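What follows is the content of protein_0.txt (compact mmCIF, C-alpha atoms and all ligand atoms).
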# COMPACT_ATOMS: atom_id res chain seq x y z
CA MET D 20 -11.29 3.34 -23.31
CA SER D 21 -9.17 3.77 -20.25
CA THR D 22 -7.51 6.45 -18.21
CA LEU D 23 -4.48 5.62 -16.11
CA ALA D 24 -2.98 7.92 -13.51
CA PHE D 25 -0.86 7.30 -10.44
CA ALA D 26 0.86 9.42 -7.82
CA GLN D 27 2.83 8.67 -4.70
CA PRO D 28 0.72 9.51 -1.65
CA SER D 29 1.32 12.78 0.12
CA ALA D 30 -0.98 15.58 1.20
CA PRO D 31 -4.51 15.60 -0.29
CA THR D 32 -4.51 15.84 -4.08
CA VAL D 33 -4.74 19.36 -5.49
CA LYS D 34 -8.40 20.10 -6.20
CA VAL D 35 -8.06 21.03 -9.85
CA ASP D 36 -5.90 17.98 -10.57
CA TYR D 37 -8.47 15.62 -9.06
CA GLU D 38 -11.34 17.31 -10.88
CA LEU D 39 -9.43 17.16 -14.16
CA LEU D 40 -8.80 13.42 -13.86
CA ARG D 41 -12.31 12.69 -12.63
CA ASP D 42 -13.93 14.69 -15.40
CA GLU D 43 -11.77 13.04 -18.05
CA ILE D 44 -13.08 9.65 -16.94
CA LEU D 45 -16.64 10.93 -16.82
CA GLN D 46 -16.41 12.50 -20.27
CA ASP D 47 -15.04 9.25 -21.71
CA LEU D 48 -17.91 7.37 -20.12
CA GLN D 49 -20.46 9.84 -21.43
CA ALA D 50 -18.99 9.54 -24.92
CA ALA D 51 -19.16 5.73 -24.79
CA VAL D 52 -22.73 5.77 -23.53
CA SER D 53 -23.86 8.23 -26.19
CA VAL D 54 -22.68 5.91 -28.99
CA GLY D 55 -23.98 2.77 -27.29
CA GLN D 56 -20.55 1.26 -26.73
CA LEU D 57 -20.54 0.73 -22.98
CA ASP D 58 -20.94 -2.84 -21.67
CA MET D 59 -19.67 -2.41 -18.15
CA VAL D 60 -17.41 -0.25 -15.99
CA PHE D 61 -14.27 -1.52 -14.29
CA LEU D 62 -12.45 0.91 -12.02
CA ILE D 63 -9.17 0.26 -10.24
CA MET D 64 -8.69 2.75 -7.45
CA HIS D 65 -6.99 2.91 -4.08
CA GLY D 66 -10.00 3.40 -1.87
CA ALA D 67 -8.62 6.05 0.46
CA MET D 68 -7.93 8.91 -1.92
CA MET D 69 -8.45 12.40 -0.57
CA ALA D 70 -8.34 15.67 -2.46
CA GLU D 71 -8.85 19.27 -1.45
CA GLY D 72 -12.59 19.53 -0.87
CA PHE D 73 -13.15 15.80 -1.45
CA ASP D 74 -12.59 13.49 1.52
CA ASP D 75 -13.88 10.47 -0.39
CA CYS D 76 -12.71 10.71 -4.00
CA GLU D 77 -13.78 7.18 -4.89
CA GLY D 78 -17.27 7.85 -3.54
CA ASP D 79 -17.42 11.16 -5.36
CA LEU D 80 -16.40 9.56 -8.64
CA LEU D 81 -18.81 6.65 -8.31
CA GLN D 82 -21.68 8.99 -7.45
CA ARG D 83 -21.06 10.71 -10.78
CA VAL D 84 -20.47 7.52 -12.77
CA ARG D 85 -23.74 5.85 -11.81
CA PRO D 86 -26.11 8.48 -13.28
CA ILE D 87 -24.17 8.47 -16.56
CA VAL D 88 -24.23 4.70 -17.07
CA GLY D 89 -27.67 4.07 -15.60
CA PRO D 90 -28.95 1.96 -12.71
CA ASP D 91 -28.51 -1.41 -14.42
CA CYS D 92 -24.95 -1.05 -15.69
CA ALA D 93 -22.42 -3.36 -14.04
CA ILE D 94 -19.77 -1.37 -12.16
CA GLY D 95 -16.83 -3.20 -10.63
CA VAL D 96 -14.32 -1.52 -8.35
CA LEU D 97 -10.98 -3.06 -7.42
CA LEU D 98 -9.36 -1.51 -4.37
CA ASP D 99 -6.16 -1.61 -2.38
CA LEU D 100 -6.97 -3.33 0.92
CA HIS D 101 -5.92 -0.11 2.70
CA CYS D 102 -9.24 1.35 1.70
CA ASN D 103 -11.87 3.18 3.72
CA ILE D 104 -15.08 1.92 2.16
CA THR D 105 -17.89 4.46 2.33
CA ASP D 106 -21.63 4.33 1.66
CA ALA D 107 -21.15 6.50 -1.41
CA MET D 108 -18.89 3.82 -2.86
CA LEU D 109 -21.17 0.93 -1.92
CA ASP D 110 -24.35 2.61 -3.12
CA ASN D 111 -22.98 3.20 -6.60
CA ALA D 112 -21.03 0.03 -7.42
CA SER D 113 -22.19 -3.46 -8.33
CA ILE D 114 -19.22 -5.23 -6.74
CA ILE D 115 -16.34 -3.77 -4.75
CA MET D 116 -13.39 -6.05 -4.17
CA ALA D 117 -10.11 -5.42 -2.35
CA CYS D 118 -6.83 -7.25 -2.80
CA ARG D 119 -6.20 -9.87 -0.11
CA GLU D 120 -2.51 -9.60 0.57
CA TYR D 121 -0.21 -7.09 2.25
CA PRO D 122 2.25 -6.90 0.46
CA HIS D 123 -0.24 -6.52 -2.40
CA VAL D 124 1.07 -9.35 -4.57
CA ASP D 125 -2.39 -10.42 -5.74
CA PHE D 126 -3.80 -7.42 -7.61
CA GLU D 127 -3.73 -9.25 -10.93
CA GLU D 128 -5.46 -12.32 -9.49
CA ARG D 129 -8.14 -10.25 -7.78
CA GLY D 130 -8.60 -8.10 -10.86
CA THR D 131 -9.24 -11.20 -12.94
CA GLU D 132 -11.75 -12.51 -10.41
CA LEU D 133 -13.59 -9.21 -10.32
CA PHE D 134 -13.57 -8.84 -14.10
CA ASP D 135 -15.19 -12.27 -14.47
CA GLN D 136 -17.83 -11.40 -11.89
CA ILE D 137 -18.63 -8.02 -13.37
CA HIS D 138 -18.89 -9.65 -16.76
CA ALA D 139 -21.40 -12.10 -15.25
CA VAL D 140 -23.37 -9.18 -13.77
CA ALA D 141 -23.44 -7.49 -17.17
CA ARG D 142 -24.81 -10.68 -18.73
CA GLY D 143 -27.49 -10.91 -16.05
CA GLU D 144 -26.18 -14.20 -14.69
CA ILE D 145 -25.65 -13.07 -11.10
CA LYS D 146 -27.28 -10.49 -8.86
CA PRO D 147 -24.67 -9.21 -6.42
CA LYS D 148 -25.84 -8.24 -2.97
CA THR D 149 -23.21 -6.72 -0.71
CA ALA D 150 -23.09 -6.29 3.05
CA GLN D 151 -20.51 -4.30 4.96
CA PHE D 152 -19.60 -4.82 8.59
CA ARG D 153 -17.69 -1.82 9.87
CA ILE D 154 -14.91 -2.36 12.39
CA PRO D 155 -13.80 0.81 14.17
CA MET D 156 -10.06 0.14 14.25
CA LEU D 157 -6.95 1.75 12.81
CA SER D 158 -3.95 -0.48 12.34
CA MET D 159 -1.79 -2.31 9.84
CA PHE D 160 -2.11 -6.03 9.23
CA HIS D 161 0.67 -8.09 7.66
CA THR D 162 -0.90 -11.00 5.84
CA PRO D 163 2.15 -13.31 5.47
CA ARG D 164 2.24 -13.85 9.23
CA GLU D 165 0.03 -15.73 11.59
CA PRO D 166 -2.62 -15.26 12.77
CA MET D 167 -3.51 -13.02 9.80
CA ARG D 168 -2.35 -15.65 7.31
CA SER D 169 -4.90 -18.21 8.50
CA PHE D 170 -7.62 -15.60 8.80
CA VAL D 171 -7.13 -14.39 5.22
CA ASP D 172 -7.15 -18.00 4.03
CA ARG D 173 -10.35 -18.66 5.99
CA ALA D 174 -12.02 -15.63 4.47
CA GLN D 175 -10.95 -16.71 1.00
CA ALA D 176 -12.28 -20.21 1.59
CA CYS D 177 -15.72 -18.67 2.18
CA GLU D 178 -15.79 -17.61 -1.45
CA GLY D 179 -17.90 -20.31 -3.08
CA ALA D 180 -18.31 -18.07 -6.09
CA ARG D 181 -20.66 -20.42 -7.91
CA GLY D 182 -17.73 -21.61 -9.96
CA ARG D 183 -17.25 -18.09 -11.27
CA ASP D 184 -13.67 -18.97 -12.03
CA SER D 185 -11.62 -18.82 -15.16
CA SER D 186 -13.41 -21.89 -16.52
CA GLY D 187 -16.67 -19.96 -16.51
CA SER D 188 -18.40 -22.84 -14.78
CA SER D 189 -21.58 -22.00 -12.91
CA GLU D 190 -22.85 -25.45 -12.11
CA ASN D 191 -23.24 -25.17 -8.38
CA SER D 192 -26.60 -23.71 -7.43
CA ASP D 193 -26.37 -24.54 -3.72
CA SER D 194 -27.21 -21.33 -1.86
CA SER D 195 -24.48 -22.10 0.67
CA THR D 196 -21.91 -21.49 -2.06
CA SER D 197 -23.32 -18.21 -3.34
CA VAL D 198 -20.60 -16.05 -1.82
CA LEU D 199 -19.08 -14.16 -4.71
CA GLN D 200 -16.36 -12.39 -2.80
CA VAL D 201 -15.07 -11.54 0.66
CA SER D 202 -12.90 -8.48 1.14
CA LEU D 203 -11.07 -7.57 4.33
CA ALA D 204 -10.72 -3.81 4.07
CA HIS D 205 -7.90 -2.94 6.47
CA GLY D 206 -8.63 0.79 6.34
CA PHE D 207 -6.07 3.54 5.83
CA PRO D 208 -4.98 4.90 9.20
CA TRP D 209 -3.36 8.00 7.71
CA SER D 210 -6.62 9.35 6.30
CA ASP D 211 -7.98 11.85 8.77
CA PHE D 212 -11.62 11.72 7.80
CA ALA D 213 -14.84 10.41 9.31
CA GLY D 214 -14.98 7.24 7.20
CA ALA D 215 -11.50 5.99 8.04
CA GLY D 216 -11.43 2.48 9.44
CA ALA D 217 -11.62 -1.21 8.66
CA SER D 218 -14.54 -3.26 7.46
CA VAL D 219 -15.49 -6.62 6.00
CA LEU D 220 -17.32 -6.67 2.71
CA VAL D 221 -19.20 -9.75 1.58
CA THR D 222 -20.98 -10.05 -1.75
CA THR D 223 -23.37 -12.91 -2.42
CA ASP D 224 -25.47 -13.85 -5.40
CA ASP D 225 -28.85 -12.48 -4.41
CA ASP D 226 -28.58 -13.42 -0.74
CA PRO D 227 -28.43 -10.20 1.30
CA ALA D 228 -29.06 -11.94 4.63
CA GLY D 229 -26.29 -14.43 3.97
CA ALA D 230 -23.92 -11.60 3.06
CA ALA D 231 -24.74 -9.70 6.24
CA ALA D 232 -24.33 -12.74 8.48
CA LEU D 233 -20.96 -13.70 7.03
CA ALA D 234 -19.67 -10.11 7.07
CA GLU D 235 -20.57 -9.83 10.75
CA GLN D 236 -19.00 -13.15 11.62
CA LEU D 237 -15.74 -12.36 9.84
CA GLY D 238 -15.81 -8.81 11.20
CA HIS D 239 -15.75 -10.10 14.77
CA GLU D 240 -12.90 -12.47 13.90
CA PHE D 241 -10.95 -9.62 12.31
CA PHE D 242 -11.46 -7.38 15.33
CA ALA D 243 -10.30 -10.18 17.65
CA LEU D 244 -6.94 -10.16 15.84
CA ARG D 245 -6.41 -6.41 16.20
CA ASP D 246 -3.46 -6.72 18.58
CA GLN D 247 -1.69 -9.34 16.52
CA GLY D 248 -1.76 -7.99 13.00
CA THR D 249 1.63 -6.35 12.82
CA GLU D 250 5.11 -7.62 13.62
CA PRO D 251 6.31 -5.64 16.66
CA SER D 252 8.72 -2.87 15.74
CA GLN D 253 11.75 -1.71 17.68
CA VAL D 254 13.19 1.72 18.33
CA ILE D 255 16.43 2.47 16.45
CA ASP D 256 18.94 1.33 19.07
CA ALA D 257 17.06 -1.88 19.82
CA ALA D 258 16.60 -2.63 16.12
CA LEU D 259 20.31 -2.17 15.43
CA ASP D 260 21.19 -4.31 18.47
CA THR D 261 18.90 -7.06 17.18
CA ALA D 262 20.50 -6.84 13.74
CA ALA D 263 23.96 -7.19 15.29
CA LYS D 264 22.87 -10.31 17.19
CA VAL D 265 21.40 -11.89 14.07
CA LEU D 266 24.60 -11.23 12.16
CA ILE D 267 26.67 -12.95 14.86
CA GLU D 268 24.42 -16.00 14.51
CA THR D 269 24.30 -15.77 10.71
CA PRO D 270 27.75 -14.77 9.49
CA GLY D 271 27.72 -13.56 5.92
CA GLY D 272 23.97 -13.00 6.02
CA THR D 273 22.04 -9.85 5.27
CA VAL D 274 19.58 -8.34 7.71
CA VAL D 275 16.78 -6.36 6.08
CA MET D 276 15.40 -3.53 8.19
CA SER D 277 12.18 -1.67 7.46
CA ASP D 278 12.17 2.09 7.98
CA GLY D 279 8.41 2.17 7.58
CA SER D 280 8.18 5.56 9.24
CA ASP D 281 9.60 7.09 6.05
CA ASN D 282 7.65 5.05 3.49
CA ALA D 283 6.78 7.07 0.40
CA GLY D 284 3.95 4.62 -0.30
CA GLY D 285 2.10 5.87 2.76
CA GLY D 286 2.81 9.53 2.15
CA ALA D 287 6.17 10.06 3.87
CA ALA D 288 8.82 12.20 2.23
CA SER D 289 11.34 9.37 2.08
CA ASP D 290 14.21 11.68 2.99
CA SER D 291 14.55 11.10 6.73
CA THR D 292 18.02 10.75 8.17
CA PHE D 293 17.47 9.08 11.54
CA LEU D 294 18.69 5.62 10.62
CA ILE D 295 21.59 6.78 8.45
CA ARG D 296 22.80 8.93 11.32
CA ALA D 297 22.47 6.05 13.77
CA CYS D 298 24.48 3.72 11.53
CA LEU D 299 27.23 6.30 11.10
CA GLU D 300 27.34 7.02 14.82
CA ARG D 301 27.73 3.30 15.51
CA GLY D 302 30.50 3.06 12.98
CA LEU D 303 28.67 0.44 10.92
CA THR D 304 30.50 0.02 7.66
CA ASP D 305 28.62 -2.59 5.67
CA VAL D 306 25.26 -0.94 5.20
CA ALA D 307 23.02 0.07 2.31
CA ILE D 308 19.96 2.31 2.63
CA GLY D 309 17.38 3.42 0.08
CA LEU D 310 15.55 4.92 -1.53
CA LEU D 311 16.37 8.36 -0.17
CA TRP D 312 14.51 11.05 -2.12
CA ASP D 313 16.74 14.08 -2.57
CA PRO D 314 16.65 15.66 -6.05
CA VAL D 315 19.13 18.38 -5.04
CA VAL D 316 21.72 15.81 -4.05
CA VAL D 317 21.12 13.88 -7.26
CA ASP D 318 21.69 17.08 -9.28
CA MET D 319 24.93 17.75 -7.43
CA ALA D 320 26.15 14.18 -7.84
CA PHE D 321 25.45 14.25 -11.57
CA ALA D 322 27.29 17.57 -11.87
CA ALA D 323 30.27 16.17 -9.98
CA GLY D 324 30.34 12.82 -11.80
CA GLU D 325 31.17 9.26 -10.76
CA GLY D 326 34.25 8.99 -8.61
CA ALA D 327 33.92 12.51 -7.22
CA ILE D 328 34.46 13.03 -3.52
CA LEU D 329 32.63 16.00 -2.10
CA ASP D 330 30.83 17.43 0.90
CA MET D 331 27.07 17.16 0.66
CA ARG D 332 24.04 18.01 2.76
CA ILE D 333 21.87 14.91 2.49
CA GLY D 334 18.20 14.34 3.30
CA GLY D 335 16.12 16.03 5.99
CA LYS D 336 14.80 18.64 3.56
CA ALA D 337 11.08 17.97 3.27
CA GLY D 338 10.18 19.03 6.79
CA PRO D 339 10.77 18.51 10.50
CA MET D 340 9.49 14.92 10.40
CA SER D 341 12.47 14.06 8.19
CA GLY D 342 14.99 14.91 10.89
CA ASP D 343 18.05 17.10 10.43
CA PRO D 344 20.01 16.90 7.20
CA LEU D 345 23.33 15.08 7.29
CA ASP D 346 26.50 16.91 6.32
CA LEU D 347 28.76 14.19 4.95
CA LYS D 348 31.83 13.74 2.86
CA VAL D 349 30.71 11.27 0.23
CA LYS D 350 32.08 9.47 -2.77
CA VAL D 351 29.85 9.25 -5.84
CA LEU D 352 30.07 5.53 -6.66
CA LYS D 353 27.51 5.24 -9.43
CA LEU D 354 25.05 7.37 -11.38
CA THR D 355 22.16 5.96 -13.40
CA GLU D 356 19.35 7.36 -15.48
CA GLY D 357 16.42 5.63 -17.15
CA LYS D 358 16.55 2.45 -15.04
CA LYS D 359 13.47 0.60 -13.88
CA HIS D 360 12.90 -1.48 -10.79
CA GLN D 361 10.35 -4.11 -9.95
CA LEU D 362 7.30 -3.81 -7.77
CA TRP D 363 5.65 -7.01 -6.54
CA THR D 364 5.86 -9.07 -9.71
CA ALA D 365 8.32 -9.28 -12.58
CA GLU D 366 5.84 -7.69 -14.99
CA GLN D 367 5.49 -4.61 -12.81
CA LEU D 368 8.43 -2.39 -13.67
CA VAL D 369 8.55 1.32 -12.85
CA HIS D 370 11.04 4.11 -13.40
CA LEU D 371 13.55 4.68 -10.63
CA GLY D 372 14.29 8.24 -11.69
CA ARG D 373 17.91 9.35 -11.72
CA THR D 374 19.90 7.60 -9.02
CA ALA D 375 23.14 8.45 -7.25
CA LEU D 376 24.85 5.77 -5.18
CA LEU D 377 26.81 7.58 -2.51
CA GLU D 378 29.15 6.17 0.12
CA SER D 379 30.23 7.71 3.37
CA ALA D 380 32.31 5.77 5.89
CA GLY D 381 31.06 2.43 4.60
CA VAL D 382 27.40 3.40 4.50
CA GLN D 383 25.99 3.35 0.98
CA ILE D 384 22.95 5.48 0.25
CA VAL D 385 20.81 5.08 -2.87
CA VAL D 386 19.51 8.57 -3.54
CA ASN D 387 16.99 9.24 -6.30
CA ASP D 388 14.87 12.05 -7.64
CA LEU D 389 11.57 10.22 -8.06
CA ARG D 390 9.94 9.63 -4.67
CA GLN D 391 8.94 6.00 -4.16
CA GLN D 392 9.54 2.97 -1.97
CA PRO D 393 11.81 0.02 -2.78
CA MET D 394 9.69 -3.12 -3.10
CA HIS D 395 12.31 -5.33 -4.69
CA PRO D 396 16.12 -5.67 -4.49
CA SER D 397 16.26 -4.32 -8.05
CA ALA D 398 15.77 -0.83 -6.60
CA PHE D 399 19.30 -1.20 -5.20
CA LEU D 400 20.78 -3.39 -7.92
CA GLU D 401 19.77 -1.08 -10.75
CA ALA D 402 21.38 1.80 -8.90
CA GLY D 403 24.66 -0.13 -8.69
CA CYS D 404 24.38 -1.49 -5.14
CA ASP D 405 24.12 -5.23 -4.45
CA PRO D 406 22.10 -5.38 -1.23
CA TRP D 407 23.08 -9.00 -0.60
CA SER D 408 26.74 -8.02 -0.38
CA LYS D 409 25.89 -5.94 2.71
CA SER D 410 25.28 -7.08 6.25
CA LEU D 411 22.45 -4.57 6.76
CA VAL D 412 20.00 -3.21 4.18
CA ILE D 413 17.58 -0.53 5.31
CA VAL D 414 14.50 -0.14 3.13
CA LYS D 415 12.20 2.85 3.33
CA SER D 416 9.13 0.65 2.97
CA SER D 417 6.57 -0.52 5.52
CA GLN D 418 5.73 -3.97 4.18
CA HIS D 419 5.69 -4.11 0.37
CA PHE D 420 9.42 -4.93 0.42
CA TYR D 421 8.64 -8.13 2.28
CA ALA D 422 7.61 -10.36 -0.64
CA ASN D 423 10.88 -9.98 -2.49
CA PHE D 424 13.43 -9.22 0.24
CA GLU D 425 12.41 -11.68 2.94
CA PRO D 426 13.27 -14.90 1.07
CA GLN D 427 16.95 -13.96 0.95
CA ALA D 428 17.19 -12.13 4.29
CA ALA D 429 18.88 -13.53 7.40
CA ALA D 430 16.13 -11.68 9.27
CA VAL D 431 13.57 -8.94 8.72
CA ILE D 432 13.44 -6.30 11.44
CA TYR D 433 10.84 -3.55 11.67
CA CYS D 434 12.30 -0.32 13.02
CA ASP D 435 10.11 2.21 14.76
CA ALA D 436 12.19 5.23 13.77
CA PRO D 437 10.84 8.77 14.05
CA GLY D 438 9.14 10.09 10.92
CA SER D 439 5.80 11.06 9.47
CA MET D 440 4.58 7.45 9.23
CA ASN D 441 5.73 6.45 12.68
CA GLY D 442 3.52 3.69 14.03
CA ASN D 443 2.45 5.49 17.21
CA VAL D 444 -1.20 6.15 16.51
CA PHE D 445 -1.57 8.19 19.69
CA GLU D 446 0.75 10.91 18.40
CA ARG D 447 -1.14 11.51 15.16
CA PRO D 448 -3.06 14.80 15.17
CA TYR D 449 -6.39 13.36 14.09
CA GLN D 450 -9.20 15.89 13.90
CA HIS D 451 -11.89 14.27 11.81
CA ILE D 452 -11.94 10.51 12.37
CA THR D 453 -15.02 9.03 13.99
CA ARG D 454 -14.56 8.14 17.65
CA PRO D 455 -14.58 5.82 19.42
CA ILE D 456 -12.06 3.86 17.42
CA TRP D 457 -9.45 1.33 18.50
CA PRO D 458 -6.66 1.73 19.61
CA LEU D 459 -7.39 5.36 20.50
CA ASP D 460 -10.39 4.13 22.46
CA GLU D 461 -11.22 0.85 24.09
CA ILE D 462 -14.26 -0.51 22.31
CA ALA D 463 -16.32 -3.66 22.20
CA LEU D 464 -17.98 -4.80 18.99
ZN ZN D 501 -2.03 -0.70 0.40

Output the structure of this file as structure tokens.
Amino acid sequence: MSTLAFAQPSAPTVKVDYELLRDEILQDLQAAVSVGQLDMVFLIMHGAMMAEGFDDCEGDLLQRVRPIVGPDCAIGVLLDLHCNITDAMLDNASIIMACREYPHVDFEERGTELFDQIHAVARGEIKPKTAQFRIPMLSMFHTPREPMRSFVDRAQACEGARGRDSSGSSENSDSSTSVLQVSLAHGFPWSDFAGAGASVLVTTDDDPAGAAALAEQLGHEFFALRDQGTEPSQVIDAALDTAAKVLIETPGGTVVMSDGSDNAGGGAASDSTFLIRACLERGLTDVAIGLLWDPVVVDMAFAAGEGAILDMRIGGKAGPMSGDPLDLKVKVLKLTEGKKHQLWTAEQLVHLGRTALLESAGVQIVVNDLRQQPMHPSAFLEAGCDPWSKSLVIVKSSQHFYANFEPQAAAVIYCDAPGSMNGNVFERPYQHITRPIWPLDEIAL
């Protein structure tokens, strides 16, 4: 049996909604146990979910799963690498594994690895022992770039895994190759709770000392990279200046600019207007921006129809972090309904919601009514806008866009616009995180 639920991040989940989902899973488990049909448990969760009254939803769920399935049942947990791994999670799972890549292009690969290992646990073939090395730091780490790229590869190379691959081989009994998995948990810096932060998780086959030693070693390496994990971002004017320079050097190219401060995937409203306003004020006329979440505007555009020219108040509705709304005369270029766009891989298609492609003074805005980030050019294409026909494409995504936009981009520029996910950690009103923590505090591991 399986339960599948997903929501875009925002404020903590409503208490009754979390409890409803949690209890549905628990009741299914109880039913399976009572008829003797449970072999193992495989949970795919984010790892930083918060709900009203529950700062650690994954820990809360696992604490309730374990007593139902018993102490010997294999429990595998696959997490987003932006997870805050707590003791409650570790104490109640057999193996916890995070994806390796940001953008998260490897969920399927990691899920397969974990499934094989949990299956081996259930058969009694391996005895996972996990060690965690906590790293008090809050940041984002882009894995396609050096030095993170080499570090992630080094961590992966530590996984000897006793041949626990798709071939099912388990020939190698050398204790030096008993590392089942290494996970670099980046932490989720927007969770304001005591357990927020990074860590390294190492699971070995019955070698707790080896797990602890490797977790500590990799933890120190991870911490040493803390200043170099993210591509530097630029304030709006500097970012637009850089884009203009690139376009002079690369005529006909398309610059892709990240407006990560308004990324729905991290909890932002995705309706901020700062960059649209800046483009209009500069008189830029070959620009596309998306996805802007504004259901009211979508309703109005659908009522007016394609080809309509009308005055609209766009964006800036969710709150002060979204900036002021823009009052624009726009043309409704295209309306769509029922389209899907791609996430990281071609198999991962999700609904776009209703879309309205609007144009004002040469700036095209893809507005939709289902809040989400664009991870693939199809988010624009399906809405009727070819991003590669523009000189500048602004994506409201922090890093997930990178895998599928970067290969065709003249350059990728990270813009440090205002907004609720702005990168300035010092301006976040943390109240509950554990101090000291870098970069708020200078620390030594
Ligand atoms: Zn993530």

Contact check, chain D to ligand ZN 501 (chain D), at most 7 Å, counting only C-alpha atoms and all ligand atoms, closest pairs as a tab-separated table:
residue	atom	partner	partner_atom	distance
D:Asp99	CA	D:ZN501	ZN	5.1
D:Leu100	CA	D:ZN501	ZN	5.6
D:His101	CA	D:ZN501	ZN	4.6
D:Tyr121	CA	D:ZN501	ZN	6.9
D:His123	CA	D:ZN501	ZN	6.7

From D:Leu371, D:Met59, D:Ile456, D:Ile295, residue lying nearest Leu389 (chain D) [only C-alpha atoms]: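 Among the listed residues, D:Leu371 lies closest to Leu389 (chain D).
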
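If all atoms listed in the file are the atoms counted, then among D:Lys350, D:His239, D:Lys359, D:Arg85 the closest residue to Val382 (chain D) is D:Lys350.
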
CA of Pro155 (chain D) to CA of Ala107 (chain D), distance in Å rounded to a single decimal: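 Result for CA of Pro155 (chain D) versus CA of Ala107 (chain D): 18.1 Å, one decimal.
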
Proximity to His138 (chain D) - best of D:Ala117, D:Asp58, D:Gln418, D:Pro208, all atoms listed in the file: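 Among the listed residues, D:Asp58 lies closest to His138 (chain D).
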
Residues within 6 Å of (31.4, 10.7, -11.4), counting only C-alpha atoms, listed as a list in words: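 Residues lying no farther than 6 Å from the given point: Ala323, Gly324, Glu325, Gly326, Ala327 and Val351 of chain D.
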
Go through region 195-286 of chain D and flag each residue having an atom no more than 12 Å from region 419-426 of chain D; for those, report the closest pair of atoms plus their distance in Å to one decimal, using only C-alpha atoms, ordered by chain and rising number, as a Markdown table.
| residue | atom | partner | partner_atom | distance |
| --- | --- | --- | --- | --- |
| D:Glu250 | CA | D:Tyr421 | CA | 11.9 |
| D:Gly272 | CA | D:Pro426 | CA | 11.9 |
| D:Thr273 | CA | D:Phe424 | CA | 10.0 |
| D:Val274 | CA | D:Glu425 | CA | 9.2 |
| D:Val275 | CA | D:Phe424 | CA | 7.3 |
| D:Met276 | CA | D:Phe420 | CA | 9.9 |
| D:Ser277 | CA | D:Phe420 | CA | 8.2 |
| D:Asp278 | CA | D:Phe420 | CA | 10.7 |
| D:Gly279 | CA | D:His419 | CA | 9.9 |
| D:Asn282 | CA | D:His419 | CA | 9.9 |
| D:Ala283 | CA | D:His419 | CA | 11.2 |
| D:Gly284 | CA | D:His419 | CA | 8.9 |
| D:Gly285 | CA | D:His419 | CA | 10.9 |

Write a file of the just-selected residues containing C-alpha atoms, as a short mmCIF file (atom, residue, chain, number, x, y, z; two decimals), in the coordinates of the input.
data_model
loop_
_atom_site.label_atom_id
_atom_site.label_comp_id
_atom_site.auth_asym_id
_atom_site.auth_seq_id
_atom_site.Cartn_x
_atom_site.Cartn_y
_atom_site.Cartn_z
CA GLU D 250 5.11 -7.62 13.62
CA GLY D 272 23.97 -13.00 6.02
CA THR D 273 22.04 -9.85 5.27
CA VAL D 274 19.58 -8.34 7.71
CA VAL D 275 16.78 -6.36 6.08
CA MET D 276 15.40 -3.53 8.19
CA SER D 277 12.18 -1.67 7.46
CA ASP D 278 12.17 2.09 7.98
CA GLY D 279 8.41 2.17 7.58
CA ASN D 282 7.65 5.05 3.49
CA ALA D 283 6.78 7.07 0.40
CA GLY D 284 3.95 4.62 -0.30
CA GLY D 285 2.10 5.87 2.76
#

CA of Ala70 (chain D) to CA of Ala30 (chain D), distance in Å rounded to a single decimal: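 Taking CA of Ala70 (chain D) as the start and CA of Ala30 (chain D) as the end point, the length is 8.2 Å.
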
Padded axis-aligned box of region 333-338 of chain D (8 Å per side), centre and edge lengths, Å, one decimal, as AutoDock Vina command-line options:
--center_x 16.0 --center_y 16.7 --center_z 4.6 --size_x 27.7 --size_y 20.7 --size_z 20.3

All residues 9 Å or closer to region 145-150 of chain D, all atoms listed in the file, same chain fewer than 5 positions away omitted, as a PyMOL selection string: chain D and resi 109+113-115+136-137+139-140+199+219-235

Residue nearest Ile333 (chain D) among D:Val386, D:Ala365, D:Leu310, D:Pro90 (counting only C-alpha atoms):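 Among D:Val386, D:Ala365, D:Leu310, D:Pro90, it is D:Val386 that comes nearest to Ile333 (chain D).
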
Distance query Leu97 (chain D) at most 9 Å, all atoms listed in the file, self and fewer than 2 positions along chain excluded, as a ChimeraX atom specification: /D:61-66,95,99,114-118,126,129-130,133

Nearest candidate to Val369 (chain D) (options D:Gln427, D:Phe25, D:Lys34, D:Asp290; using only C-alpha atoms): D:Phe25

Point (-9.8, -14.0, 9.1), cut-off 10 Å, counting all atoms listed in the file, residues as a list in words: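 Output of the proximity query reads Thr162, Pro166, Met167, Arg168, Ser169, Phe170, Val171, Asp172, Arg173, Ala174, Gln175, Leu203, Val219, Gln236, Leu237, Gly238, His239, Glu240, Phe241, Phe242, Ala243 and Leu244 of chain D.
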
Minimum-distance residue to Arg447 (chain D), chosen among D:Val306, D:Val414, D:Leu459, D:Met319 (using all atoms listed in the file): D:Leu459

Close residues, Cys404 (chain D) itself excluded, 9 Å, only C-alpha atoms, min 3 positions apart in chain, as a PyMOL selection string: chain D and resi 307+353+376+383-385+398-401+407-408

Selection near Ser210 (chain D), 9 Å with all atoms listed in the file, sequence-local residues under 5 positions removed, as a list of chain:residue names: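 Within the cut-off, the hits are D:Ala67, D:Met68, D:Met69, D:Asp74, D:Asn103, D:Ala215, D:Gly216, D:Tyr449, D:Ile452.
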
Those selected residues, please, written with C-alpha atoms and delivered as a compact mmCIF listing (two decimals), in the frame of the given file.
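Okay, selection-v7.txt is ready:
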# COMPACT_ATOMS: atom_id res chain seq x y z
CA ALA D 67 -8.62 6.05 0.46
CA MET D 68 -7.93 8.91 -1.92
CA MET D 69 -8.45 12.40 -0.57
CA ASP D 74 -12.59 13.49 1.52
CA ASN D 103 -11.87 3.18 3.72
CA ALA D 215 -11.50 5.99 8.04
CA GLY D 216 -11.43 2.48 9.44
CA TYR D 449 -6.39 13.36 14.09
CA ILE D 452 -11.94 10.51 12.37
